[in-house]
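Notes for the one structure printed next.
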Amino acid sequence: MVIVIDPQIAGISGDMLLCSLVDLGADKNKIISGVKTSEKFLSNSTIKKIDFQKIQKHGIQSTQLILELVESVHERKGSEIKKAIIDSVNTLELSKKGKSFAVSCIDLLISSESKIHGIPEDSVHFHEASSIDTLIDVIGITIALDDLKFFDEKITCLPICVGGDSVTFSHGTMSNPASAILEIFKNSNLIIKGSNVNDELTTPTGACILSTLTKNAIDYYPSMKINLIGYGAGQKNFESFSNVLKIVKGSENDFEVDSVKILETNVDDVSGEILGNLIEKLMKKGAKDVSIYHGITKKGRPTNLVSIICNDINVNEMVDILILETETLGVRISESNRFIVPRTTHETSLMIEGQSFKIHYKKSLFKGKTNFKIEFDDLKNISSLVDKSLNETNSILRKEIKRLENL
């Protein structure tokens, strides 16, 4: 399955994401019950009413959050809201992934404020995010994601609209997106875009939850069969578009497809040392792969066929290296489509023989089967440092990674 979050037009807020998950099928009674349980962990705030209802939002039937609050505070320490979230997730029956997700959301919000204002995290105060609705968004969304079992699915996100013009809040007026939004999305891998709407379309809470939920940015919808669509309405109304967040659940092909360039040349008077150095140079400059095949050409001459797979952007550099290193007089270039098994890159720290090592590995999923492969350079380095064979080192590391990943 693949989940596509579509904030291209209306951006995203916490309640819009929560409502779209309810519209997609998350149990609203379970969410309301969980949120009411969490209410007791945040003082000076009372939820008078919470419900979800179907509405028409600029012609789109969607789900909207109905919320009535009584609050006597306008500022809270970030640590107070964090404690309320931790107490909530420890009380509610949430998965391990759900608990970690909820705490990571508030941690990101606190750390972004800390960096912007140059103060320690335990000194951060919230103004706009001080309301209990921040707790409602984080806890409600966590319950919904758990209920839909989305923590085990591939979640992707289209470019996020942030709006334009300026925003005015507790720290004054500044251009939109505000510093908090930029800090939250910095290094997230997600893509933002502005628009001619003179309003804040993406809120800090929505940005934090989204950045914690996925790092998979996409420019357009993948090839997929659509199964379900959820529409979550925001509180604001706009004349030119529906203020609605869209989430699409579907079945994706087991393969990804891309296009690569293949460079080839035959050389019959180049030594093995030069060819070995050639492979090294090409890979360092961004070649996806380099292969050398032995063969026989005209008049029975022995030859080496050099074949390089690369992207469009580094074709010229690859050709330059190939000609300069081998002195070949010609390079053939062709284009090829590839089916690729989707994979993700991971990093973890493991203790081996009393020493801590950072391990990088790629994990792939195909036909329901998960596999992973440890980076060879890590294997080689660790094998040397602990004085074990590559095979033994690989076996030890794989066992530890399987334990951590529950594979």
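Letters A, B, ... mark the chains of the structure tokens in the order given; residue numbers begin at 1 per chain; ligand numbers begin at 1, in order shown.
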Inset, instruction - Tell me, as a PyMOL selection string, which residues lie within 12 Å of Ser356 (chain A), counting only C-alpha atoms; anything in the same chain fewer than 5 positions away does not count. - result: chain A and resi 348-351+382+385-386+397
Inset, instruction - Report the residues of region 90-282 of chain A whose backbone DSSP state falls under strand (DSSP E or B), written as a PyMOL selection string. - result: chain A and resi 125-126+154-157+160-163+166-169+172-175+192-194+200+217+224-233+244-252+256-267
Please produce a file of those selected residues containing N, CA and C atoms, as a short mmCIF file (atom, residue, chain, number, x, y, z; two decimals), in the first residue's frame.
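File produced: again-v9.cif:
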```cif
data_model
loop_
_atom_site.label_atom_id
_atom_site.label_comp_id
_atom_site.auth_asym_id
_atom_site.auth_seq_id
_atom_site.Cartn_x
_atom_site.Cartn_y
_atom_site.Cartn_z
N HIS A 125 8.78 28.69 25.41
CA HIS A 125 7.37 28.96 25.73
C HIS A 125 6.58 29.00 24.42
N PHE A 126 5.38 28.41 24.46
CA PHE A 126 4.48 28.46 23.31
C PHE A 126 3.42 29.53 23.54
N LYS A 154 3.80 2.74 3.51
CA LYS A 154 4.65 3.74 2.87
C LYS A 154 3.86 5.03 2.74
N ILE A 155 4.33 6.09 3.38
CA ILE A 155 3.64 7.39 3.35
C ILE A 155 4.48 8.38 2.57
N THR A 156 3.86 9.04 1.59
CA THR A 156 4.56 10.02 0.76
C THR A 156 3.84 11.36 0.84
N CYS A 157 4.54 12.41 0.44
CA CYS A 157 3.93 13.74 0.52
C CYS A 157 4.27 14.57 -0.70
N ILE A 160 4.17 21.01 -0.36
CA ILE A 160 3.31 21.58 0.68
C ILE A 160 3.13 23.07 0.45
N CYS A 161 1.91 23.51 0.24
CA CYS A 161 1.65 24.93 0.03
C CYS A 161 1.66 25.66 1.37
N VAL A 162 2.43 26.74 1.43
CA VAL A 162 2.55 27.50 2.68
C VAL A 162 1.84 28.85 2.60
N GLY A 163 1.33 29.21 1.41
CA GLY A 163 0.69 30.50 1.24
C GLY A 163 1.70 31.59 0.92
N SER A 166 2.36 37.94 4.44
CA SER A 166 2.98 38.01 5.76
C SER A 166 2.05 37.41 6.81
N VAL A 167 2.63 37.12 7.98
CA VAL A 167 1.84 36.61 9.09
C VAL A 167 2.16 37.45 10.32
N THR A 168 1.15 37.66 11.17
CA THR A 168 1.32 38.41 12.40
C THR A 168 0.96 37.52 13.58
N PHE A 169 1.85 37.41 14.54
CA PHE A 169 1.61 36.57 15.72
C PHE A 169 2.33 37.18 16.91
N GLY A 172 5.37 39.37 16.44
CA GLY A 172 5.29 40.47 15.48
C GLY A 172 4.90 39.99 14.09
N THR A 173 5.22 40.80 13.09
CA THR A 173 4.89 40.49 11.70
C THR A 173 6.14 40.10 10.94
N MET A 174 6.01 39.02 10.15
CA MET A 174 7.13 38.61 9.31
C MET A 174 6.59 37.96 8.04
N SER A 175 7.48 37.79 7.08
CA SER A 175 7.05 37.21 5.81
C SER A 175 6.61 35.76 6.02
N ILE A 192 8.42 22.49 0.01
CA ILE A 192 7.38 23.50 0.23
C ILE A 192 7.27 24.40 -1.00
N LYS A 193 6.13 25.05 -1.13
CA LYS A 193 5.94 26.01 -2.22
C LYS A 193 5.02 27.12 -1.75
N GLY A 194 5.24 28.33 -2.26
CA GLY A 194 4.39 29.46 -1.94
C GLY A 194 3.21 29.55 -2.90
N GLU A 200 -1.51 32.24 6.02
CA GLU A 200 -0.71 31.08 6.43
C GLU A 200 -1.52 29.81 6.17
N ALA A 217 9.35 12.68 -0.03
CA ALA A 217 8.78 13.74 -0.87
C ALA A 217 8.61 13.25 -2.30
N MET A 224 -0.50 4.24 -9.33
CA MET A 224 -1.18 3.55 -8.24
C MET A 224 -2.65 3.30 -8.57
N LYS A 225 -3.21 2.29 -7.92
CA LYS A 225 -4.64 2.03 -7.99
C LYS A 225 -5.26 2.67 -6.75
N ILE A 226 -6.23 3.55 -6.92
CA ILE A 226 -6.83 4.29 -5.80
C ILE A 226 -7.87 3.44 -5.10
N ASN A 227 -7.72 3.32 -3.77
CA ASN A 227 -8.65 2.55 -2.97
C ASN A 227 -9.57 3.44 -2.12
N LEU A 228 -8.99 4.42 -1.43
CA LEU A 228 -9.76 5.30 -0.56
C LEU A 228 -9.24 6.73 -0.64
N ILE A 229 -10.14 7.70 -0.43
CA ILE A 229 -9.74 9.12 -0.40
C ILE A 229 -10.36 9.75 0.83
N GLY A 230 -9.54 10.51 1.58
CA GLY A 230 -10.04 11.22 2.74
C GLY A 230 -9.87 12.72 2.57
N TYR A 231 -10.91 13.50 2.92
CA TYR A 231 -10.86 14.96 2.81
C TYR A 231 -11.03 15.57 4.19
N GLY A 232 -10.02 16.35 4.62
CA GLY A 232 -10.08 17.00 5.92
C GLY A 232 -10.16 18.50 5.78
N ALA A 233 -11.24 19.10 6.28
CA ALA A 233 -11.48 20.53 6.10
C ALA A 233 -10.80 21.35 7.18
N VAL A 244 -9.06 22.29 1.97
CA VAL A 244 -9.21 20.86 2.29
C VAL A 244 -7.89 20.14 2.04
N LEU A 245 -7.49 19.31 2.99
CA LEU A 245 -6.33 18.43 2.82
C LEU A 245 -6.84 17.09 2.31
N LYS A 246 -6.12 16.56 1.32
CA LYS A 246 -6.54 15.30 0.70
C LYS A 246 -5.52 14.21 1.02
N ILE A 247 -6.00 13.04 1.43
CA ILE A 247 -5.13 11.87 1.62
C ILE A 247 -5.69 10.74 0.77
N VAL A 248 -4.81 10.13 -0.01
CA VAL A 248 -5.21 9.04 -0.92
C VAL A 248 -4.49 7.77 -0.51
N LYS A 249 -5.25 6.71 -0.35
CA LYS A 249 -4.68 5.39 -0.05
C LYS A 249 -4.85 4.51 -1.29
N GLY A 250 -3.78 3.86 -1.70
CA GLY A 250 -3.86 3.03 -2.89
C GLY A 250 -2.84 1.92 -2.92
N SER A 251 -2.90 1.14 -3.98
CA SER A 251 -1.96 0.05 -4.20
C SER A 251 -0.95 0.50 -5.23
N GLU A 252 0.31 0.43 -4.87
CA GLU A 252 1.39 0.86 -5.75
C GLU A 252 2.05 -0.34 -6.39
N GLU A 256 9.52 0.58 -8.81
CA GLU A 256 9.61 1.96 -9.26
C GLU A 256 10.25 1.93 -10.64
N VAL A 257 9.97 2.95 -11.44
CA VAL A 257 10.52 3.00 -12.80
C VAL A 257 11.28 4.30 -12.99
N ASP A 258 12.48 4.22 -13.55
CA ASP A 258 13.19 5.44 -13.91
C ASP A 258 13.94 5.22 -15.22
N SER A 259 14.63 6.25 -15.67
CA SER A 259 15.36 6.18 -16.93
C SER A 259 16.81 6.54 -16.67
N VAL A 260 17.73 5.79 -17.29
CA VAL A 260 19.17 6.04 -17.11
C VAL A 260 19.86 6.06 -18.47
N LYS A 261 21.05 6.61 -18.48
CA LYS A 261 21.89 6.59 -19.67
C LYS A 261 22.92 5.46 -19.51
N ILE A 262 23.20 4.78 -20.62
CA ILE A 262 24.22 3.73 -20.63
C ILE A 262 25.32 4.16 -21.60
N LEU A 263 26.54 4.26 -21.08
CA LEU A 263 27.71 4.63 -21.88
C LEU A 263 28.57 3.39 -22.10
N GLU A 264 29.00 3.17 -23.35
CA GLU A 264 29.82 1.99 -23.64
C GLU A 264 30.97 2.34 -24.58
N THR A 265 32.08 1.66 -24.36
CA THR A 265 33.20 1.75 -25.29
C THR A 265 34.03 0.48 -25.21
N ASN A 266 34.67 0.12 -26.31
CA ASN A 266 35.59 -1.03 -26.33
C ASN A 266 37.03 -0.53 -26.30
N VAL A 267 37.85 -1.11 -25.43
CA VAL A 267 39.27 -0.78 -25.38
C VAL A 267 40.08 -2.07 -25.43
#
```
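Note that the spacing between CA of Ser336 (chain A) and CA of Glu273 (chain A) amounts to 29.5 Å.
Selecting alpha helix (DSSP H) from the backbone DSSP output for region 203-292 of chain A yields Pro204, Thr205, Gly206, Ala207, Cys208, Ile209, Leu210, Ser211, Thr212, Leu213, Gly272, Glu273, Ile274, Leu275, Gly276, Asn277, Leu278, Ile279, Glu280, Lys281, Leu282, Met283 and Lys284 of chain A.
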Please dump the current selection as a CSV table (one decimal), in the first residue's frame; keep N, CA and C atoms.
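To be explicit, this is the file written out as result-v3.csv:
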```
chain,number,residue,atom,x,y,z
A,204,PRO,N,2.6,25.6,12.2
A,204,PRO,CA,3.7,24.9,12.8
A,204,PRO,C,3.4,23.5,13.3
A,205,THR,N,2.2,23.3,13.9
A,205,THR,CA,1.8,22.0,14.4
A,205,THR,C,1.6,21.0,13.3
A,206,GLY,N,1.0,21.5,12.2
A,206,GLY,CA,0.8,20.6,11.0
A,206,GLY,C,2.1,20.2,10.4
A,207,ALA,N,3.0,21.2,10.4
A,207,ALA,CA,4.4,21.0,9.8
A,207,ALA,C,5.1,20.0,10.6
A,208,CYS,N,5.1,20.1,11.9
A,208,CYS,CA,5.8,19.2,12.8
A,208,CYS,C,5.3,17.7,12.7
A,209,ILE,N,4.0,17.6,12.7
A,209,ILE,CA,3.4,16.3,12.6
A,209,ILE,C,3.7,15.6,11.2
A,210,LEU,N,3.6,16.4,10.1
A,210,LEU,CA,3.9,15.9,8.8
A,210,LEU,C,5.4,15.5,8.7
A,211,SER,N,6.3,16.4,9.2
A,211,SER,CA,7.7,16.1,9.1
A,211,SER,C,8.1,14.9,9.9
A,212,THR,N,7.4,14.6,10.9
A,212,THR,CA,7.7,13.4,11.8
A,212,THR,C,7.1,12.2,11.1
A,213,LEU,N,6.0,12.4,10.4
A,213,LEU,CA,5.3,11.2,9.8
A,213,LEU,C,6.0,10.7,8.6
A,272,GLY,N,45.0,-3.6,-16.8
A,272,GLY,CA,44.0,-3.8,-15.7
A,272,GLY,C,44.1,-2.8,-14.7
A,273,GLU,N,45.3,-2.2,-14.4
A,273,GLU,CA,45.5,-1.2,-13.4
A,273,GLU,C,44.7,0.1,-13.8
A,274,ILE,N,44.8,0.4,-15.0
A,274,ILE,CA,44.1,1.6,-15.5
A,274,ILE,C,42.6,1.4,-15.4
A,275,LEU,N,42.1,0.2,-15.8
A,275,LEU,CA,40.7,-0.1,-15.7
A,275,LEU,C,40.2,0.0,-14.3
A,276,GLY,N,41.0,-0.6,-13.4
A,276,GLY,CA,40.6,-0.5,-11.9
A,276,GLY,C,40.5,0.9,-11.4
A,277,ASN,N,41.4,1.7,-11.8
A,277,ASN,CA,41.4,3.1,-11.4
A,277,ASN,C,40.2,3.9,-12.1
A,278,LEU,N,39.9,3.5,-13.3
A,278,LEU,CA,38.8,4.1,-14.0
A,278,LEU,C,37.5,3.8,-13.3
A,279,ILE,N,37.3,2.6,-12.8
A,279,ILE,CA,36.0,2.2,-12.1
A,279,ILE,C,35.9,3.1,-10.8
A,280,GLU,N,37.1,3.2,-10.1
A,280,GLU,CA,37.1,4.1,-8.9
A,280,GLU,C,36.7,5.5,-9.2
A,281,LYS,N,37.3,6.1,-10.2
A,281,LYS,CA,37.0,7.5,-10.5
A,281,LYS,C,35.5,7.7,-10.9
A,282,LEU,N,35.0,6.8,-11.8
A,282,LEU,CA,33.7,6.9,-12.2
A,282,LEU,C,32.7,6.8,-11.1
A,283,MET,N,32.9,5.9,-10.2
A,283,MET,CA,32.0,5.7,-9.1
A,283,MET,C,32.0,7.0,-8.1
A,284,LYS,N,33.2,7.5,-7.9
A,284,LYS,CA,33.3,8.7,-7.0
A,284,LYS,C,32.6,9.9,-7.6
```
Non-local contacts of Phe151 (chain A) (7 Å; only C-alpha atoms; under 5 positions in same chain excluded) as a PDB file with N, CA and C atoms, in the first residue's frame:
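Result file is result27.pdb:
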```pdb
ATOM      1  N   LYS A  97       5.372   2.320  18.008  1.00  0.00           N
ATOM      2  CA  LYS A  97       5.633   3.318  16.973  1.00  0.00           C
ATOM      3  C   LYS A  97       4.785   4.564  17.203  1.00  0.00           C
ATOM      4  N   LEU A 145      -3.728   7.198  13.201  1.00  0.00           N
ATOM      5  CA  LEU A 145      -2.715   6.474  12.428  1.00  0.00           C
ATOM      6  C   LEU A 145      -2.575   5.038  12.914  1.00  0.00           C
ATOM      7  N   ASP A 146      -2.636   4.858  14.238  1.00  0.00           N
ATOM      8  CA  ASP A 146      -2.584   3.512  14.805  1.00  0.00           C
ATOM      9  C   ASP A 146      -3.797   2.695  14.364  1.00  0.00           C
TER      10      ASP A 146
END
```
